[in-house]
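**Student:** Just so it is clear, I am handing over my_file-v1.cif, which has mmCIF, C-alpha atoms (C1' of nucleotides).
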data_run
#
loop_
_atom_site.label_atom_id
_atom_site.label_comp_id
_atom_site.auth_asym_id
_atom_site.auth_seq_id
_atom_site.Cartn_x
_atom_site.Cartn_y
_atom_site.Cartn_z
CA MET A 1 107.77 -25.19 161.03
CA LEU A 2 110.44 -27.89 161.25
CA ASP A 3 109.78 -28.87 157.65
CA ALA A 4 110.16 -25.29 156.53
CA ALA A 5 113.49 -25.03 158.35
CA VAL A 6 114.72 -28.31 156.87
CA ASP A 7 113.94 -27.05 153.37
CA ALA A 8 115.65 -23.73 153.97
CA PHE A 9 118.76 -25.11 155.69
CA ALA A 10 119.16 -27.81 153.04
CA GLU A 11 118.93 -25.28 150.22
CA ARG A 12 121.02 -22.39 151.52
CA GLY A 13 122.85 -23.79 154.52
CA PHE A 14 122.31 -22.72 158.12
CA GLY A 15 124.38 -19.55 157.81
CA GLY A 16 122.71 -18.58 154.56
CA THR A 17 119.22 -18.90 155.99
CA SER A 18 117.50 -16.16 157.96
CA THR A 19 114.77 -16.73 160.51
CA ARG A 20 112.58 -14.77 158.10
CA ASP A 21 113.23 -17.34 155.34
CA VAL A 22 112.04 -20.05 157.68
CA ALA A 23 109.01 -18.09 158.86
CA VAL A 24 107.88 -17.20 155.35
CA ARG A 25 108.17 -20.81 154.19
CA ALA A 26 106.10 -21.87 157.17
CA GLY A 27 103.51 -19.16 156.48
CA ARG A 28 104.14 -17.52 159.86
CA SER A 29 105.80 -14.41 161.25
CA THR A 30 109.38 -14.41 162.51
CA ALA A 31 108.09 -13.97 166.05
CA ALA A 32 106.20 -17.26 165.74
CA VAL A 33 109.51 -19.08 165.32
CA TYR A 34 110.62 -18.03 168.77
CA VAL A 35 107.45 -19.31 170.42
CA HIS A 36 108.52 -22.84 169.55
CA TYR A 37 112.31 -22.55 169.54
CA GLU A 38 114.60 -20.56 171.75
CA SER A 39 116.93 -19.57 168.91
CA LYS A 40 117.85 -20.34 165.34
CA GLU A 41 120.50 -22.73 166.62
CA ALA A 42 117.94 -24.54 168.79
CA LEU A 43 115.87 -25.08 165.65
CA LEU A 44 118.88 -26.65 163.94
CA TYR A 45 119.51 -28.87 166.94
CA ALA A 46 115.91 -30.09 166.94
CA ILE A 47 116.23 -31.01 163.27
CA SER A 48 119.62 -32.63 163.74
CA LEU A 49 118.42 -34.66 166.70
CA GLU A 50 115.33 -35.94 164.94
CA GLY A 51 117.33 -36.78 161.83
CA HIS A 52 120.02 -38.66 163.70
CA MET A 53 117.50 -40.68 165.66
CA ASP A 54 115.57 -41.61 162.55
CA ALA A 55 118.69 -42.58 160.62
CA LEU A 56 120.01 -44.66 163.52
CA ASP A 57 116.67 -46.46 163.80
CA CYS A 58 116.93 -47.23 160.12
CA LEU A 59 120.43 -48.68 160.40
CA ARG A 60 119.65 -50.64 163.59
CA CYS A 61 116.56 -52.11 162.04
CA ALA A 62 118.59 -53.27 159.04
CA TYR A 63 121.23 -54.75 161.33
CA ALA A 64 118.61 -56.68 163.25
CA SER A 65 116.72 -58.00 160.28
CA SER A 66 119.37 -60.53 159.31
CA GLU A 67 121.78 -62.82 161.13
CA GLU A 68 123.74 -63.88 158.10
CA PRO A 69 126.77 -61.54 157.78
CA ALA A 70 126.63 -60.90 154.03
CA ALA A 71 122.89 -60.38 153.96
CA ARG A 72 123.22 -58.12 156.97
CA VAL A 73 125.84 -55.82 155.46
CA HIS A 74 123.95 -55.81 152.18
CA GLY A 75 120.75 -54.83 153.97
CA MET A 76 122.44 -52.14 156.05
CA VAL A 77 124.01 -50.40 153.06
CA LEU A 78 120.77 -50.78 151.12
CA ALA A 79 118.66 -49.24 153.87
CA PHE A 80 121.11 -46.51 154.83
CA SER A 81 121.58 -45.46 151.21
CA ASP A 82 117.86 -45.43 150.69
CA TRP A 83 117.30 -43.35 153.82
CA HIS A 84 119.64 -40.64 152.53
CA MET A 85 117.77 -40.41 149.24
CA GLU A 86 114.22 -40.70 150.58
CA ASN A 87 115.01 -38.04 153.19
CA ALA A 88 117.32 -36.04 150.98
CA LYS A 89 116.75 -32.60 152.53
CA LEU A 90 116.78 -33.74 156.14
CA ALA A 91 119.84 -35.88 155.45
CA ARG A 92 121.67 -32.90 153.99
CA VAL A 93 121.15 -30.89 157.14
CA VAL A 94 122.06 -33.90 159.28
CA GLN A 95 125.34 -34.48 157.45
CA TYR A 96 126.54 -30.99 156.57
CA GLU A 97 125.44 -28.50 159.23
CA LEU A 98 127.03 -29.93 162.38
CA HIS A 99 129.52 -27.07 162.42
CA ALA A 100 126.76 -24.57 163.21
CA LEU A 101 125.64 -26.32 166.41
CA SER A 102 126.59 -24.96 169.83
CA GLU A 103 129.39 -26.79 171.57
CA GLU A 104 127.06 -28.75 173.89
CA HIS A 105 124.66 -29.69 171.14
CA ARG A 106 127.45 -30.69 168.83
CA ALA A 107 128.99 -32.91 171.50
CA ASP A 108 125.64 -34.65 171.94
CA ILE A 109 125.24 -35.22 168.22
CA VAL A 110 128.83 -36.36 167.75
CA SER A 111 128.39 -39.02 170.43
CA ARG A 112 125.25 -40.24 168.68
CA ARG A 113 127.13 -40.44 165.41
CA ARG A 114 129.65 -42.86 166.86
CA ARG A 115 126.85 -45.41 167.11
CA PHE A 116 126.58 -45.64 163.33
CA GLN A 117 130.24 -46.52 163.11
CA ARG A 118 130.00 -49.02 165.98
CA LEU A 119 127.05 -50.75 164.35
CA MET A 120 128.85 -51.13 161.05
CA VAL A 121 132.06 -52.26 162.70
CA GLY A 122 130.03 -54.89 164.54
CA ALA A 123 128.53 -56.16 161.32
CA LEU A 124 131.99 -56.46 159.75
CA ARG A 125 133.47 -58.27 162.74
CA ASP A 126 130.64 -60.80 162.60
CA GLY A 127 131.52 -61.60 159.02
CA VAL A 128 135.23 -61.78 159.68
CA ARG A 129 134.72 -64.08 162.66
CA ALA A 130 132.49 -66.33 160.56
CA GLY A 131 135.22 -66.52 157.94
CA GLN A 132 132.95 -64.97 155.32
CA PHE A 133 134.62 -61.56 155.00
CA ASN A 134 138.21 -60.72 154.22
CA VAL A 135 138.81 -57.35 155.89
CA GLU A 136 142.12 -56.10 157.21
CA ASP A 137 141.12 -52.65 158.46
CA VAL A 138 137.68 -53.08 160.02
CA ASN A 139 137.32 -49.49 161.21
CA GLY A 140 138.47 -47.99 157.94
CA THR A 141 136.29 -50.26 155.87
CA ALA A 142 133.24 -49.52 158.04
CA ARG A 143 133.94 -45.83 157.59
CA ALA A 144 134.14 -46.30 153.80
CA LEU A 145 130.82 -48.17 153.68
CA LEU A 146 129.09 -45.37 155.58
CA SER A 147 130.79 -42.82 153.31
CA LEU A 148 129.31 -44.46 150.27
CA CYS A 149 125.81 -43.99 151.72
CA ILE A 150 126.27 -40.55 153.21
CA ASP A 151 127.87 -38.99 150.14
CA LEU A 152 124.63 -39.61 148.26
CA VAL A 153 123.18 -36.46 149.83
CA ARG A 154 125.83 -34.36 148.14
CA TRP A 155 124.72 -35.11 144.61
CA PHE A 156 121.43 -37.05 144.60
CA ASP A 157 118.53 -34.82 143.60
CA PRO A 158 115.03 -36.35 143.77
CA ALA A 159 113.75 -33.63 141.41
CA ARG A 160 116.19 -34.69 138.69
CA GLY A 161 115.06 -38.27 138.63
CA GLY A 162 117.32 -41.26 139.10
CA ASP A 163 116.02 -44.41 140.74
CA PRO A 164 116.87 -44.40 144.47
CA TRP A 165 116.32 -48.11 144.77
CA ALA A 166 118.68 -48.95 141.91
CA ILE A 167 121.36 -46.70 143.37
CA ALA A 168 120.95 -48.25 146.80
CA GLN A 169 121.21 -51.73 145.25
CA LEU A 170 124.45 -50.78 143.51
CA ASN A 171 125.93 -49.47 146.74
CA ALA A 172 124.92 -52.63 148.58
CA ASP A 173 126.46 -54.83 145.87
CA LEU A 174 129.67 -52.79 145.96
CA ALA A 175 129.70 -53.15 149.74
CA LEU A 176 129.85 -56.94 149.47
CA ARG A 177 132.82 -56.64 147.15
CA MET A 178 134.51 -54.23 149.55
CA VAL A 179 134.30 -56.66 152.45
CA GLY A 180 135.85 -59.39 150.33
CA GLU A 181 132.85 -61.66 150.66
CA VAL A 182 133.87 -65.26 150.03
CA MET B 1 143.44 -13.02 150.96
CA LEU B 2 142.31 -16.17 149.14
CA ASP B 3 143.80 -18.31 151.90
CA ALA B 4 141.94 -16.33 154.53
CA ALA B 5 138.67 -16.82 152.65
CA VAL B 6 139.29 -20.55 152.21
CA ASP B 7 139.83 -20.90 155.96
CA ALA B 8 136.71 -18.92 156.80
CA PHE B 9 134.41 -20.57 154.24
CA ALA B 10 135.63 -24.03 155.23
CA GLU B 11 135.01 -23.37 158.91
CA ARG B 12 131.68 -21.54 158.90
CA GLY B 13 130.35 -22.04 155.39
CA PHE B 14 129.87 -19.28 152.82
CA GLY B 15 126.64 -18.00 154.33
CA GLY B 16 128.06 -18.07 157.83
CA THR B 17 131.09 -15.99 156.87
CA SER B 18 131.09 -12.19 156.66
CA THR B 19 133.45 -10.15 154.52
CA ARG B 20 134.76 -8.83 157.84
CA ASP B 21 135.72 -12.36 158.92
CA VAL B 22 137.72 -12.72 155.76
CA ALA B 23 139.30 -9.29 156.03
CA VAL B 24 140.32 -9.77 159.67
CA ARG B 25 141.88 -13.15 158.94
CA ALA B 26 143.83 -11.59 156.10
CA GLY B 27 144.92 -8.67 158.31
CA ARG B 28 143.18 -6.13 156.08
CA SER B 29 140.09 -3.90 156.13
CA THR B 30 136.81 -4.97 154.54
CA ALA B 31 137.33 -2.37 151.83
CA ALA B 32 140.53 -4.11 150.80
CA VAL B 33 138.55 -7.22 149.89
CA TYR B 34 136.66 -5.30 147.23
CA VAL B 35 139.83 -4.02 145.60
CA HIS B 36 140.64 -7.58 144.55
CA TYR B 37 137.18 -9.13 144.20
CA GLU B 38 133.95 -7.65 142.94
CA SER B 39 131.84 -9.33 145.60
CA LYS B 40 131.83 -12.03 148.23
CA GLU B 41 130.43 -14.42 145.64
CA ALA B 42 133.25 -13.56 143.22
CA LEU B 43 135.70 -14.51 145.95
CA LEU B 44 133.98 -17.89 146.32
CA TYR B 45 134.09 -18.40 142.57
CA ALA B 46 137.82 -17.67 142.45
CA ILE B 47 138.41 -20.25 145.17
CA SER B 48 136.12 -22.79 143.56
CA LEU B 49 137.74 -22.36 140.17
CA GLU B 50 141.27 -22.72 141.49
CA GLY B 51 140.29 -25.76 143.54
CA HIS B 52 138.56 -27.53 140.69
CA MET B 53 141.45 -26.93 138.32
CA ASP B 54 143.98 -28.22 140.84
CA ALA B 55 141.91 -31.31 141.67
CA LEU B 56 141.35 -32.08 137.99
CA ASP B 57 145.08 -31.76 137.30
CA CYS B 58 145.67 -34.21 140.12
CA LEU B 59 143.23 -36.77 138.73
CA ARG B 60 144.41 -36.36 135.13
CA CYS B 61 148.00 -36.78 136.17
CA ALA B 62 147.14 -40.02 137.98
CA TYR B 63 145.20 -41.24 134.96
CA ALA B 64 148.16 -40.57 132.68
CA SER B 65 150.82 -42.10 134.88
CA SER B 66 149.76 -45.67 134.18
CA GLU B 67 148.47 -47.63 131.20
CA GLU B 68 147.62 -50.77 133.10
CA PRO B 69 143.92 -50.59 134.12
CA ALA B 70 144.21 -51.82 137.71
CA ALA B 71 147.28 -49.72 138.49
CA ARG B 72 145.56 -46.76 136.88
CA VAL B 73 142.38 -46.97 138.97
CA HIS B 74 144.44 -47.64 142.07
CA GLY B 75 146.58 -44.59 141.38
CA MET B 76 143.60 -42.37 140.63
CA VAL B 77 141.79 -43.20 143.87
CA LEU B 78 145.06 -42.91 145.79
CA ALA B 79 145.86 -39.48 144.37
CA PHE B 80 142.32 -38.11 144.53
CA SER B 81 141.88 -39.26 148.13
CA ASP B 82 145.21 -37.77 149.07
CA TRP B 83 144.33 -34.46 147.41
CA HIS B 84 141.20 -34.12 149.50
CA MET B 85 143.15 -34.65 152.72
CA GLU B 86 146.22 -32.60 151.86
CA ASN B 87 143.97 -29.73 150.75
CA ALA B 88 141.28 -30.33 153.35
CA LYS B 89 140.03 -26.76 153.68
CA LEU B 90 140.07 -25.93 150.02
CA ALA B 91 138.46 -29.27 149.23
CA ARG B 92 135.67 -28.57 151.68
CA VAL B 93 134.80 -25.32 149.93
CA VAL B 94 135.11 -26.98 146.54
CA GLN B 95 132.73 -29.81 147.44
CA TYR B 96 130.19 -28.16 149.72
CA GLU B 97 129.67 -24.54 148.70
CA LEU B 98 128.52 -24.84 145.10
CA HIS B 99 125.01 -23.83 146.10
CA ALA B 100 126.20 -20.31 146.95
CA LEU B 101 127.59 -19.58 143.47
CA SER B 102 125.70 -17.37 141.01
CA GLU B 103 123.86 -19.21 138.26
CA GLU B 104 126.53 -18.50 135.63
CA HIS B 105 129.42 -19.40 137.87
CA ARG B 106 127.71 -22.55 139.06
CA ALA B 107 127.05 -23.63 135.49
CA ASP B 108 130.74 -23.20 134.70
CA ILE B 109 131.83 -25.20 137.73
CA VAL B 110 129.26 -27.94 137.14
CA SER B 111 130.51 -28.46 133.60
CA ARG B 112 134.06 -28.75 134.94
CA ARG B 113 132.90 -31.33 137.47
CA ARG B 114 131.62 -33.60 134.73
CA ARG B 115 135.23 -34.10 133.65
CA PHE B 116 136.06 -35.95 136.87
CA GLN B 117 133.26 -38.41 136.18
CA ARG B 118 134.27 -38.80 132.51
CA LEU B 119 137.86 -39.51 133.47
CA MET B 120 136.88 -42.21 135.97
CA VAL B 121 134.36 -43.74 133.56
CA GLY B 122 137.13 -43.88 130.97
CA ALA B 123 139.44 -45.68 133.37
CA LEU B 124 136.74 -48.25 134.16
CA ARG B 125 135.89 -48.86 130.51
CA ASP B 126 139.56 -49.52 129.78
CA GLY B 127 139.63 -52.23 132.40
CA VAL B 128 136.35 -53.78 131.27
CA ARG B 129 137.47 -53.83 127.65
CA ALA B 130 140.74 -55.47 128.69
CA GLY B 131 138.76 -58.14 130.54
CA GLN B 132 140.38 -57.16 133.84
CA PHE B 133 137.37 -55.53 135.53
CA ASN B 134 133.94 -56.94 136.15
CA VAL B 135 131.66 -53.89 136.23
CA GLU B 136 128.00 -53.85 135.26
CA ASP B 137 127.13 -50.22 135.94
CA VAL B 138 130.15 -48.23 134.80
CA ASN B 139 128.65 -44.80 135.52
CA GLY B 140 127.37 -45.76 138.94
CA THR B 141 130.61 -47.43 139.94
CA ALA B 142 132.67 -44.45 138.80
CA ARG B 143 130.41 -42.22 140.87
CA ALA B 144 130.93 -44.46 143.89
CA LEU B 145 134.70 -44.38 143.52
CA LEU B 146 134.70 -40.59 143.42
CA SER B 147 132.31 -40.54 146.40
CA LEU B 148 134.76 -42.52 148.46
CA CYS B 149 137.43 -39.88 147.85
CA ILE B 150 135.24 -36.79 148.13
CA ASP B 151 133.51 -37.82 151.34
CA LEU B 152 136.88 -37.68 153.10
CA VAL B 153 136.50 -33.91 153.40
CA ARG B 154 133.40 -34.37 155.54
CA TRP B 155 135.18 -36.08 158.40
CA PHE B 156 138.96 -36.02 157.89
CA ASP B 157 140.61 -33.48 160.19
CA PRO B 158 144.36 -32.94 159.76
CA ALA B 159 144.52 -31.42 163.25
CA ARG B 160 143.20 -34.62 164.83
CA GLY B 161 145.88 -36.80 163.31
CA GLY B 162 145.21 -39.88 161.20
CA ASP B 163 147.58 -40.86 158.44
CA PRO B 164 146.36 -39.49 155.09
CA TRP B 165 148.51 -41.86 153.13
CA ALA B 166 147.21 -44.95 154.94
CA ILE B 167 143.61 -43.82 154.40
CA ALA B 168 144.28 -43.15 150.73
CA GLN B 169 145.84 -46.61 150.39
CA LEU B 170 142.79 -48.23 151.95
CA ASN B 171 140.47 -46.38 149.57
CA ALA B 172 142.58 -47.42 146.60
CA ASP B 173 142.59 -51.07 147.71
CA LEU B 174 138.82 -50.97 148.20
CA ALA B 175 138.49 -49.47 144.73
CA LEU B 176 140.13 -52.50 143.14
CA ARG B 177 137.67 -54.74 144.94
CA MET B 178 134.77 -52.58 143.79
CA VAL B 179 135.72 -52.92 140.13
CA GLY B 180 135.91 -56.71 140.47
CA GLU B 181 139.53 -56.85 139.48
CA VAL B 182 140.38 -60.32 138.20
"C1'" DG C 1 146.19 -0.48 147.38
"C1'" DT C 2 145.33 0.66 151.76
"C1'" DC C 3 142.72 2.89 155.11
"C1'" DT C 4 138.49 5.29 157.88
"C1'" DA C 5 133.95 6.43 157.56
"C1'" DT C 6 129.60 5.53 156.09
"C1'" DA C 7 125.36 4.33 153.32
"C1'" DT C 8 121.70 1.06 153.03
"C1'" DG C 9 119.58 -3.05 153.88
"C1'" DT C 10 119.19 -7.37 156.70
"C1'" DT C 11 119.86 -10.01 160.85
"C1'" DG C 12 118.42 -12.54 165.22
"C1'" DA C 13 115.59 -11.64 168.71
"C1'" DT C 14 112.01 -9.06 171.76
"C1'" DA C 15 107.78 -6.17 173.35
"C1'" DG C 16 103.26 -5.91 173.74
"C1'" DA C 17 98.49 -5.97 171.61
"C1'" DC C 18 94.88 -9.43 170.47
"C1'" DG D 1 100.09 -18.69 169.88
"C1'" DT D 2 99.73 -15.40 166.57
"C1'" DC D 3 100.54 -10.99 164.93
"C1'" DT D 4 102.80 -5.97 163.94
"C1'" DA D 5 106.29 -3.07 165.20
"C1'" DT D 6 110.68 -2.44 166.58
"C1'" DC D 7 115.55 -2.75 168.37
"C1'" DA D 8 120.53 -2.97 168.23
"C1'" DA D 9 123.89 -5.30 165.83
"C1'" DC D 10 125.62 -6.71 161.75
"C1'" DA D 11 125.68 -7.46 156.67
"C1'" DT D 12 127.62 -6.12 151.87
"C1'" DA D 13 129.38 -2.72 149.48
"C1'" DT D 14 131.03 2.20 148.36
"C1'" DA D 15 133.25 7.07 148.82
"C1'" DG D 16 137.06 9.56 149.18
"C1'" DA D 17 141.45 10.72 151.68
"C1'" DC D 18 146.42 9.27 151.72
#
Before anything else, please render the file you have as structure tokens.

**Tutor:**
Amino acid sequence: MLDAAVDAFAERGFGGTSTRDVAVRAGRSTAAVYVHYESKEALLYAISLEGHMDALDCLRCAYASSEEPAARVHGMVLAFSDWHMENAKLARVVQYELHALSEEHRADIVSRRRRFQRLMVGALRDGVRAGQFNVEDVNGTARALLSLCIDLVRWFDPARGGDPWAIAQLNADLALRMVGEV
Amino acid sequence: MLDAAVDAFAERGFGGTSTRDVAVRAGRSTAAVYVHYESKEALLYAISLEGHMDALDCLRCAYASSEEPAARVHGMVLAFSDWHMENAKLARVVQYELHALSEEHRADIVSRRRRFQRLMVGALRDGVRAGQFNVEDVNGTARALLSLCIDLVRWFDPARGGDPWAIAQLNADLALRMVGEV
DNA sequence: GTCTATATGTTGATAGAC
DNA sequence: GTCTATCAACATATAGAC
């Protein structure tokens, strides 16, 4: 059911998807949707929540798996880029359908999103403090590094080929240049 | 009429917008929409076409206004970033609503989009040939530079403040690092 | 070119049988 | 938990008067 909704929302957007679209993809009736979810918006929230938690786990894990600043930033951009390509449909919904959430749900998700930025800012500060990075605008640069990863969902299409790992490697290498690694 | 549609599509997405939404914003009846545009999709195509032409003009102009490779790439990222913030609503529709176009219209737009990539690839090759840039993957790096600019429309909100020019400058400075400027 | 009125299908969501 | 059947509201688009 969730998978069916992810596919549909990713393909046509939340507004362009009907509960019937979702039900048909899941091989169920429209009524069956409402047994599990209170509304179409609640379905989107469930997807968005799961996606944000999974992506944050991914980025936290990468942060924790190295103490050396350059290796850490490299690993974070590598993992976060890869996540967006390996979970292309989910990531698309996560990144582009926030506007359709209710006010309360959106506030919850927005506060979760700040953690991505904080984590990346932390990684940059570590490198600056250690004298290994040359970054003037830590917040802006962190934002740009996340942008590089997130924007992958706009154009990357698993069906059209392209090697996710090679793309993630390129992003990670560019990231080290962006932080002015010494 | 077009402005009203840009506002609506940017806020709620194409699928989440009704022709009534557009008509009300424009201070007209729904019937009036169909005097000027054959369908809701035709309205989206008109917006998308105008937006892509304007953005391409912007990037071409930046390309042409310098011969020196580093200044050229800096200027391109500066101008393209700025365009996405100064035309935030239009840019949002341009970048995120392609999926809602008819097959013919989408094909037309997609072929126009390739010109952005070609222009940036050209700028990078110039710098590599001149021995001023150190870029292994020209296509991938050009894609990343455009990503940095385009992803601004996902989060930049003119209403919430933030200095577009400072953000554009940061992106342009990061771009020079990304191309390994000597 | 604009409107009011309307045709025709689709929407999110519910009722009630099994 | 699943279905079929259905509701009221809304969708896109058109007809025809001014």

**Student:** Exactly which residues make up the result of the PyMOL selection byres ((chain A) within 9 of (chain D)) on this file, given as a ChimeraX atom specification?

**Tutor:** /A:28-29,31-32,35

**Student:** Restricting it to C-alpha atoms, dump the selection as a compact mmCIF listing (two decimals), keeping the file's coordinate frame.

**Tutor:**
# COMPACT_ATOMS: atom_id res chain seq x y z
CA ARG A 28 104.14 -17.52 159.86
CA SER A 29 105.80 -14.41 161.25
CA ALA A 31 108.09 -13.97 166.05
CA ALA A 32 106.20 -17.26 165.74
CA VAL A 35 107.45 -19.31 170.42

**Student:** Using only C-alpha atoms (C1' of nucleotides), I'd like a table of the residues in chain C that come within 10 Å of chain B; for each, show the closest atom pair and its distance in Å rounded to one decimal, ordered by chain and ascending number, as a Markdown table.

**Tutor:**
| residue | atom | partner | partner_atom | distance |
| --- | --- | --- | --- | --- |
| C:DG1 | C1' | B:Val35 | CA | 7.5 |
| C:DT2 | C1' | B:Ala32 | CA | 6.8 |
| C:DC3 | C1' | B:Ser29 | CA | 7.4 |
| C:DT4 | C1' | B:Ser29 | CA | 9.5 |

**Student:** Could you list the residues chosen by the PyMOL selection byres ((chain B) within 7 of (chain A)) in this structure as number ranges by chain?

**Tutor:** B: 12-13, 15-16, 99, 144, 147-148, 151, 174, 177-178

**Student:** For the PyMOL selection byres ((chain A and resi 84) around 12), applied here, can you spell out every residue it catches as a PyMOL selection string?

**Tutor:** chain A and resi 51-52+54-56+58-59+77-83+85-95+146-158+164-165+167-168

**Student:** To one decimal in Å, tell me the separation between CA of Ala172 in chain B and CA of Ser66 in chain A.

**Tutor:** 29.5 Å

**Student:** Around all listed atoms of range 5-16 of chain C, padded 6 Å per side, what centre and edge lengths does the axis-aligned box have in Å to one decimal, as JSON?

**Tutor:**
{"center_x": 118.6, "center_y": -3.1, "center_z": 163.4, "size_x": 42.7, "size_y": 31.0, "size_z": 32.7}

**Student:** Just to confirm, what's the straight-line distance from CA of Leu98 in chain A to CA of Ser48 in chain A in Å (one decimal)?

**Tutor:**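 One can read the CA of Leu98 in chain A to CA of Ser48 in chain A distance as 8.0 Å.
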
**Student:** Show me, as a JSON list (two decimals) with C-alpha atoms, in the frame of the given file, the residues that have an atom within 9 Å of Tyr45 in chain A when counting all atoms listed in the file, minus same-chain residues fewer than 6 positions from it.

**Tutor:**
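Okay, this is what ended up in around.json:
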[["chain", "number", "residue", "atom", "x", "y", "z"],
["A", 98, "LEU", "CA", 127.03, -29.93, 162.38],
["A", 101, "LEU", "CA", 125.64, -26.32, 166.41],
["A", 102, "SER", "CA", 126.59, -24.96, 169.83],
["A", 105, "HIS", "CA", 124.66, -29.69, 171.14],
["A", 106, "ARG", "CA", 127.45, -30.69, 168.83],
["A", 109, "ILE", "CA", 125.24, -35.22, 168.22]]

**Student:** With 8 Å as the threshold, what does the neighbourhood of (114.8, -27.9, 159.1) contain in terms of residues, counting only C-alpha atoms (C1' of nucleotides)? Coordinates are those of the file; answer as a count of residues only.

**Tutor:** 15

**Student:** One number please: CA of Gly162 in chain A to CA of Arg114 in chain B, in Å, one decimal.

**Tutor:** 16.8 Å

**Student:** At a cut-off of 8 Å from (119.9, -14.3, 162.2) in the coordinates of the file, what residues are picked up using all atoms listed in the file, written as a list in words?

**Tutor:** Thr17, Ser18, Thr19 and Lys40 of chain A; DT11 and DG12 of chain C
